[in-house]
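Everything below concerns the one structure shown next.
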Amino acid sequence: MSLRAKWTLGGAIGGGALAGLLATGSSALALYFARRVITPVKQRTSDQEVLAVLRDGDGMQVILAATPETTVEGVYGFFFDGGKGHARIGRIVSYSPADGTVLREVEAVYAGDIDTARRGWWSGALYPDPATAGIASEDVLIDVDGGQAPAWLVRAEGGGRIWAIMVHGRGATRQEALRAVAPARELGLTSLLVSYRNDGLAPSADDGRYGLGSTEWRDVEAAIEYALANGAEEIVLFGWSMGGAICLQTADLSRYRHLIRALVLDAPVINWVNVLAHHAQLNRIPSLVGRYGQLMLGHPLGRRLTGLSAPVDLKAMDWVARAVEVRTPTLIIHSVDDEYVPYEPSAILAERNPDMVTFETFSRARHTKEWNVDPDRWEGLVKAWLRTQLAPRTNPGQRSPEEP
């Protein structure tokens, strides 16, 4: 073999080995990305730093490291000490971009000692439970696959034949839904704040993986069944983030879908392909690798790698493509500054199906924190829209009392 032929062969072998290594690395990265999407997080990351707590008589303030979360006006929950501590953080007193600090009011501390807190995480959930929010509730259990899922039941005055079933988002809990109970009660709705598989309260799924809405909707159907057995005649579904995707699946697939009067969705996942591409970009994962990860989630052979018991059909949950199939009146509230779930699919869905979908935008609010930035506007929009949707129906051709 000539020297030139040897170099050519060596280059081919070396190039093939390098390509193999790159392919192996890309596959590993794609698998990591896919698993991260569907694997429940056992412990939230404490990514907010507490620099100091100041006391003045009965008042309390906290100095926090300035971040995109802590520098937005509004009222928020702050969890610390691994989630054992919980405080309600209010208005911004001062903000120093040069120092990278923000001073905010501490409105209440529900659990833990914030004086000793060093790190924690920001949340839209203000209250740990209904009682803390001044709401009378009952602890109930809903029969679901694998056992029973705890829920909070808040009865409307006089009973209420329409129930609001509230579905939290990925990595959150039913605490997230407490913000919507007051407007629901004003409308005469009984509220059921549910838990679902893999959220840390309800029984885990057999595979211990999120279905991104493709499996969790069955737990919401079980909640509807519970409501109907306890006096409900019709249902309104509230959903936040992935909870919105779950609600859309429920309205599409449930045997009780004809009883679902309306959907109220806050920052919902309308198109998982869009959200996963967004997160691949945020994590500087090449787009091809991100798409490979999506393929792993949806392909039958990917189950062995991801741990899913069944593939996740991302196309079936693309409500931009399926816009005309949305047949339940839907209100979508979504911030244009949502860093986690881009708002554009929500806007496109409303544009493609304006008869069924009403879209209201907020600004400045981070993911699912529209209420926190402007609770009066959030509640006003929800109440005004639902009053129209829940108005008594008249029979075709029947005249209203006001008509001559």
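In the structure tokens, chains take the letters A, B, ... in the order shown, each chain's residues start at 1, and ligands count up from 1 in the order shown.
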| message | Give me the residues near Ile89 in chain A as a PyMOL selection string, where near means some atom within 10 Å (using only C-alpha atoms) and where sequence neighbours in that chain fewer than 2 positions away do not count. | response | chain A and resi 60-62+70+74-78+86-87+91-92+104-109+122-123+126
Pull the closest atom pair for each residue of range 311-365 of chain A that gets at most 10 Å from range 249-261 of chain A, along with the distance in Å to one decimal, counting only C-alpha atoms, ordering rows by chain and then ascending residue number, as JSON lines.
{"residue": "A:Ala316", "atom": "CA", "partner": "A:Gln249", "partner_atom": "CA", "distance": 8.9}
{"residue": "A:Met317", "atom": "CA", "partner": "A:Gln249", "partner_atom": "CA", "distance": 7.4}
{"residue": "A:Trp319", "atom": "CA", "partner": "A:Gln249", "partner_atom": "CA", "distance": 9.9}
{"residue": "A:Glu325", "atom": "CA", "partner": "A:Asp252", "partner_atom": "CA", "distance": 8.4}
{"residue": "A:Val326", "atom": "CA", "partner": "A:Asp252", "partner_atom": "CA", "distance": 7.8}
{"residue": "A:Arg327", "atom": "CA", "partner": "A:Ala251", "partner_atom": "CA", "distance": 8.4}
{"residue": "A:Thr328", "atom": "CA", "partner": "A:Arg261", "partner_atom": "CA", "distance": 6.8}
{"residue": "A:Pro329", "atom": "CA", "partner": "A:Arg261", "partner_atom": "CA", "distance": 7.2}
{"residue": "A:Thr330", "atom": "CA", "partner": "A:Arg261", "partner_atom": "CA", "distance": 9.2}
| What gap, in Å, lies between CA of Glu221 in chain A and CA of Leu263 in chain A? |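 For CA of Glu221 in chain A relative to CA of Leu263 in chain A, the distance reads 14.1 Å.
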| message | Can you tell me which residues surround Ser191 in chain A at a distance of at most 8 Å, considering only C-alpha atoms, apart from same-chain residues fewer than 2 positions away, and format the answer as number ranges by chain? | response | A: 152-156, 163-166, 181, 184-185, 189, 193
Next, dump the selected residues to file, keeping only C-alpha atoms, as a short mmCIF file (atom, residue, chain, number, x, y, z; two decimals), in the first residue's frame.
data_model
loop_
_atom_site.label_atom_id
_atom_site.label_comp_id
_atom_site.auth_asym_id
_atom_site.auth_seq_id
_atom_site.Cartn_x
_atom_site.Cartn_y
_atom_site.Cartn_z
CA TRP A 152 -59.00 20.68 48.29
CA LEU A 153 -62.73 21.20 47.98
CA VAL A 154 -64.04 24.76 48.38
CA ARG A 155 -67.82 24.82 48.31
CA ALA A 156 -69.75 27.73 46.86
CA TRP A 163 -67.74 23.16 39.58
CA ALA A 164 -64.35 24.63 38.77
CA ILE A 165 -61.67 21.94 38.61
CA MET A 166 -58.24 23.52 38.91
CA VAL A 181 -60.61 30.43 44.09
CA ALA A 184 -64.63 31.35 41.13
CA ARG A 185 -66.58 31.72 44.38
CA LEU A 189 -68.60 27.98 41.47
CA LEU A 193 -58.06 21.92 43.48
#
| Given the choices A:Ala151, A:Ala30, A:Ile114, A:Leu51, which gets closest to Val102 in chain A if the distance is worked out from only C-alpha atoms? |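 Among A:Ala151, A:Ala30, A:Ile114, A:Leu51, it is A:Leu51 that comes nearest to Val102 in chain A.
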| Expressed in Å to a single decimal, how great is the separation between CA of Arg304 in chain A and CA of Tyr210 in chain A? |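 So the two atoms, CA of Arg304 in chain A and CA of Tyr210 in chain A, lie 15.3 Å apart.
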| request: Record the distance separating CA of Val312 in chain A and CA of Glu370 in chain A, expressed in Å with one decimal. | output: 29.1 Å
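Among the candidates A:Arg209, A:Arg377, A:Arg284, A:Val220, the one nearest to Arg36 in chain A when counting only C-alpha atoms is A:Arg209.
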